[in-house]
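Participant: Let me give you the structure first, and then I'll get to my questions.
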Amino acid sequence: MNLSVKDLKKLSFFQGLPDHVIQTLLNSIHTVPLKKGQILFHAHDAVPHIYFVFQGEVLIYNLTKHGSRKIIFLLGPGHLINHDVLDGRLSPVFCEGAGNTVLFQIPRDVFLPLMEEHTPLMHAVMHEYERNMWRMGHQLKNTAGSMLIERKIAAKLWKLGRDFGVQTPKGIMIEPELTMTMLADMVGVPRETISRACKNLTEQNLLIYQNRHFLLPDPDGLAIFYKM
């Protein structure tokens, strides 16, 4: 795949970087295809490369003590995947393709010296980490035990609609394919509970589910609902 500085500048992570830094990264980038359900790395794996999403989406998740999956992030194009850039510790999480995905792979021993030399690159990494911390805080707030499950789901779907939504005649469609099981893994409740809650949201005209896609016919109404 022939890539240019202009191609990378379309992605959020690279937009604030000087062209010569992007060109240096391009000289070491390899593209890696990742199929739906294919695991890039497991928790406790050593990950010698830095990865970015170029096309498609990946799931970042961990396993509970009961062996069930808890999805932490759904990351789309332009986002840094690694949670261990500086020290190279064993990965604390799993990374899996959410669909047919293309990644950028950069050797860690190339990326780290560039971070030390170029402040904008370090700022870009810090921005990604700060964003993830904000999202984690938001998720913890929305998984409080006293919060009704419908409100938890409404908050998660509204956020996914903002990050991955496309306008359709029926409303905002969350572009990545998502099953009820995947949504359950994101919210941290059984699938049967998700199905009942989604039915309630559908009856209130706040949600449509068809062909593995969630549609939000009234995103503003959904936001009002989860903030009640």
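In the structure tokens, the first chain shown is A, the next is B, and so on; residue numbers restart at 1 for each chain, and ligands run from 1 in the order shown.
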Once DSSP has gone over the backbone, tell me which residues of range 108-181 of chain A are in helix (DSSP H, G or I), as a compact mmCIF listing (two decimals) with C-alpha atoms, in the first residue's frame.
Facilitator:
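Listing of selection21.txt after writing:
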```txt
# COMPACT_ATOMS: atom_id res chain seq x y z
CA ARG A 108 8.89 0.32 19.13
CA ASP A 109 12.64 1.01 18.81
CA VAL A 110 11.86 3.42 15.96
CA PHE A 111 8.89 5.11 17.61
CA LEU A 112 10.40 5.82 21.05
CA PRO A 113 13.45 7.82 19.85
CA LEU A 114 11.12 9.91 17.67
CA MET A 115 8.95 10.64 20.73
CA GLU A 116 12.03 11.79 22.66
CA GLU A 117 13.20 13.99 19.78
CA THR A 119 7.62 17.10 21.24
CA PRO A 120 4.50 17.12 18.97
CA LEU A 121 4.68 13.33 18.74
CA MET A 122 4.88 13.01 22.52
CA HIS A 123 1.93 15.40 22.83
CA ALA A 124 -0.07 13.26 20.41
CA VAL A 125 0.55 10.14 22.51
CA MET A 126 -0.35 11.99 25.71
CA HIS A 127 -3.55 13.28 24.09
CA GLU A 128 -4.57 9.70 23.26
CA TYR A 129 -3.91 8.58 26.83
CA GLU A 130 -5.80 11.55 28.30
CA ARG A 131 -8.73 10.80 26.02
CA ASN A 132 -8.74 7.17 27.15
CA MET A 133 -8.65 8.23 30.81
CA TRP A 134 -11.63 10.54 30.21
CA ARG A 135 -13.53 7.73 28.50
CA MET A 136 -12.74 5.31 31.33
CA GLY A 137 -14.02 7.83 33.88
CA HIS A 138 -17.18 8.31 31.84
CA GLN A 139 -17.69 4.54 31.62
CA LEU A 140 -17.24 4.08 35.36
CA LYS A 141 -19.81 6.79 36.02
CA ASN A 142 -22.26 5.12 33.66
CA ILE A 149 -29.74 -0.59 32.59
CA GLU A 150 -31.69 1.28 29.90
CA ARG A 151 -29.81 4.45 30.81
CA LYS A 152 -26.45 2.64 30.70
CA ILE A 153 -27.25 1.34 27.23
CA ALA A 154 -28.55 4.72 26.07
CA ALA A 155 -25.32 6.39 27.22
CA LYS A 156 -23.15 3.78 25.47
CA LEU A 157 -25.12 3.94 22.22
CA TRP A 158 -25.17 7.75 22.20
CA LYS A 159 -21.37 7.76 22.58
CA LEU A 160 -20.94 5.15 19.82
CA GLY A 161 -23.25 7.20 17.62
CA ARG A 162 -21.10 10.27 18.17
CA ASP A 163 -17.86 8.40 17.42
CA PHE A 164 -18.99 6.05 14.64
CA MET A 180 -26.38 -7.83 21.21
CA THR A 181 -23.62 -9.94 22.74
```
Participant: Might you pull out every residue within 12 Å of Pro190 in chain A, with only C-alpha atoms counted and same-chain residues fewer than 4 positions away left off, and present them as a PyMOL selection string?
Facilitator: chain A and resi 68-70+149+180-186+194-197
Participant: Store the residues picked out above, limited to C-alpha atoms, as a JSON list (two decimals), in the first residue's frame.
Facilitator:
```json
[["chain", "number", "residue", "atom", "x", "y", "z"],
["A", 68, "SER", "CA", -16.59, -13.38, 30.27],
["A", 69, "ARG", "CA", -15.41, -10.56, 28.01],
["A", 70, "LYS", "CA", -15.59, -6.90, 29.09],
["A", 149, "ILE", "CA", -29.74, -0.59, 32.59],
["A", 180, "MET", "CA", -26.38, -7.83, 21.21],
["A", 181, "THR", "CA", -23.62, -9.94, 22.74],
["A", 182, "MET", "CA", -20.98, -7.33, 21.90],
["A", 183, "LEU", "CA", -23.13, -4.58, 23.43],
["A", 184, "ALA", "CA", -23.54, -6.75, 26.53],
["A", 185, "ASP", "CA", -19.76, -7.12, 26.72],
["A", 186, "MET", "CA", -19.39, -3.34, 26.52],
["A", 194, "ILE", "CA", -29.46, -6.20, 26.98],
["A", 195, "SER", "CA", -32.19, -7.65, 24.76],
["A", 196, "ARG", "CA", -34.95, -6.67, 27.21],
["A", 197, "ALA", "CA", -33.53, -3.18, 27.70]]
```
Participant: Which is closest to His49 in chain A among A:Ala223, A:Ile29, A:Leu201, A:Met173, if we use only C-alpha atoms?
Facilitator: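 Smallest distance to His49 in chain A is found for A:Ile29.
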Participant: Identify which of the residues A:Ile50, A:Val166, A:Ile60, A:Ile172 lies closest to Leu206 in chain A, counting only C-alpha atoms when measuring atom-to-atom distances.
Facilitator: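 Closest to Leu206 in chain A, using only C-alpha atoms: A:Ile172.
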Participant: Residues at most 6 Å from range 11-24 of chain A, counting only C-alpha atoms, excluding those fewer than 3 positions away in the same chain, as an MDAnalysis selection string?
Facilitator: chainID A and resid 8 27 78 120
Participant: Taking only C-alpha atoms into account, name the residue in A:Leu222, A:Val53, A:Val58, A:Val85 that is nearest to Gln204 in chain A.
Facilitator: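 Looking only at the distances to Gln204 in chain A, the closest residue turns out to be A:Leu222.
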Participant: Report, in Å with one decimal, the straight-line distance from CA of Leu103 in chain A to CA of Tyr61 in chain A.
Facilitator: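 Straight-line distance from CA of Leu103 in chain A to CA of Tyr61 in chain A works out to 17.5 Å.
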Participant: State, in Å with one decimal place, the distance from CA of Gln38 in chain A to CA of Leu215 in chain A.
Facilitator: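 Between these atoms lies a distance of 26.1 Å.
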Participant: Compile the contact shell of Leu59 in chain A as a list in words: residues with an atom at most 8 Å away, counting only C-alpha atoms, same-chain residues fewer than 4 positions apart removed.
Facilitator: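 Counting only C-alpha atoms, the residues come to Ile71, Ile72, Phe73, Leu74, Leu75, Phe94, Cys95, Glu96, Gly97 and Ala98 of chain A.
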Participant: Write the selection just made, keeping all heavy atoms, as an mmCIF file, in the first residue's frame?
Facilitator:
```cif
data_model
loop_
_atom_site.group_PDB
_atom_site.id
_atom_site.type_symbol
_atom_site.label_atom_id
_atom_site.label_comp_id
_atom_site.auth_asym_id
_atom_site.auth_seq_id
_atom_site.Cartn_x
_atom_site.Cartn_y
_atom_site.Cartn_z
ATOM 1 N N ILE A 71 -15.640 -5.452 27.155
ATOM 2 C CA ILE A 71 -15.073 -4.558 26.152
ATOM 3 C C ILE A 71 -14.840 -3.186 26.769
ATOM 4 O O ILE A 71 -15.740 -2.587 27.351
ATOM 5 C CB ILE A 71 -15.991 -4.461 24.926
ATOM 6 C CG1 ILE A 71 -16.091 -5.837 24.237
ATOM 7 C CG2 ILE A 71 -15.465 -3.411 23.942
ATOM 8 C CD1 ILE A 71 -17.068 -5.883 23.091
ATOM 9 N N ILE A 72 -13.622 -2.685 26.627
ATOM 10 C CA ILE A 72 -13.238 -1.400 27.215
ATOM 11 C C ILE A 72 -13.366 -0.283 26.188
ATOM 12 O O ILE A 72 -13.930 0.764 26.464
ATOM 13 C CB ILE A 72 -11.800 -1.477 27.761
ATOM 14 C CG1 ILE A 72 -11.657 -2.637 28.742
ATOM 15 C CG2 ILE A 72 -11.406 -0.151 28.429
ATOM 16 C CD1 ILE A 72 -10.220 -2.952 29.107
ATOM 17 N N PHE A 73 -12.817 -0.522 24.986
ATOM 18 C CA PHE A 73 -12.857 0.486 23.932
ATOM 19 C C PHE A 73 -13.178 -0.165 22.593
ATOM 20 O O PHE A 73 -12.786 -1.310 22.324
ATOM 21 C CB PHE A 73 -11.501 1.197 23.776
ATOM 22 C CG PHE A 73 -11.041 1.961 24.978
ATOM 23 C CD1 PHE A 73 -9.828 1.679 25.574
ATOM 24 C CD2 PHE A 73 -11.813 2.974 25.514
ATOM 25 C CE1 PHE A 73 -9.383 2.380 26.673
ATOM 26 C CE2 PHE A 73 -11.398 3.698 26.623
ATOM 27 C CZ PHE A 73 -10.176 3.394 27.203
ATOM 28 N N LEU A 74 -13.867 0.564 21.750
ATOM 29 C CA LEU A 74 -13.978 0.285 20.327
ATOM 30 C C LEU A 74 -13.252 1.420 19.634
ATOM 31 O O LEU A 74 -13.673 2.574 19.715
ATOM 32 C CB LEU A 74 -15.448 0.230 19.899
ATOM 33 C CG LEU A 74 -15.735 0.056 18.410
ATOM 34 C CD1 LEU A 74 -15.248 -1.306 17.923
ATOM 35 C CD2 LEU A 74 -17.239 0.204 18.122
ATOM 36 N N LEU A 75 -12.133 1.109 18.994
ATOM 37 C CA LEU A 75 -11.272 2.144 18.416
ATOM 38 C C LEU A 75 -11.360 2.124 16.894
ATOM 39 O O LEU A 75 -11.249 1.064 16.269
ATOM 40 C CB LEU A 75 -9.818 1.929 18.845
ATOM 41 C CG LEU A 75 -9.522 1.978 20.353
ATOM 42 C CD1 LEU A 75 -8.044 1.706 20.607
ATOM 43 C CD2 LEU A 75 -9.939 3.320 20.940
ATOM 44 N N PHE A 94 -6.558 -7.430 25.683
ATOM 45 C CA PHE A 94 -6.637 -8.108 24.392
ATOM 46 C C PHE A 94 -6.987 -7.078 23.319
ATOM 47 O O PHE A 94 -7.673 -6.095 23.600
ATOM 48 C CB PHE A 94 -7.737 -9.173 24.394
ATOM 49 C CG PHE A 94 -7.495 -10.341 25.299
ATOM 50 C CD1 PHE A 94 -7.700 -10.232 26.666
ATOM 51 C CD2 PHE A 94 -7.087 -11.567 24.790
ATOM 52 C CE1 PHE A 94 -7.504 -11.313 27.513
ATOM 53 C CE2 PHE A 94 -6.887 -12.653 25.626
ATOM 54 C CZ PHE A 94 -7.095 -12.525 26.996
ATOM 55 N N CYS A 95 -6.548 -7.329 22.094
ATOM 56 C CA CYS A 95 -6.942 -6.516 20.943
ATOM 57 C C CYS A 95 -7.421 -7.453 19.846
ATOM 58 O O CYS A 95 -6.712 -8.393 19.474
ATOM 59 C CB CYS A 95 -5.778 -5.668 20.445
ATOM 60 S SG CYS A 95 -6.183 -4.718 18.950
ATOM 61 N N GLU A 96 -8.615 -7.176 19.316
ATOM 62 C CA GLU A 96 -9.247 -8.063 18.334
ATOM 63 C C GLU A 96 -9.909 -7.234 17.241
ATOM 64 O O GLU A 96 -10.450 -6.156 17.509
ATOM 65 C CB GLU A 96 -10.293 -8.917 19.052
ATOM 66 C CG GLU A 96 -11.101 -9.844 18.169
ATOM 67 C CD GLU A 96 -12.143 -10.596 18.977
ATOM 68 O OE1 GLU A 96 -11.786 -11.179 20.025
ATOM 69 O OE2 GLU A 96 -13.324 -10.607 18.561
ATOM 70 N N GLY A 97 -9.866 -7.714 16.020
ATOM 71 C CA GLY A 97 -10.540 -7.028 14.930
ATOM 72 C C GLY A 97 -12.047 -7.052 15.114
ATOM 73 O O GLY A 97 -12.632 -8.106 15.368
ATOM 74 N N ALA A 98 -12.684 -5.882 14.980
ATOM 75 C CA ALA A 98 -14.142 -5.801 15.066
ATOM 76 C C ALA A 98 -14.782 -6.030 13.700
ATOM 77 O O ALA A 98 -15.985 -6.258 13.595
ATOM 78 C CB ALA A 98 -14.575 -4.454 15.621
#
```
Participant: Have a look at CA of Arg89 in chain A and CA of Glu57 in chain A and let me know their distance in Å, one decimal.
Facilitator: 23.7 Å
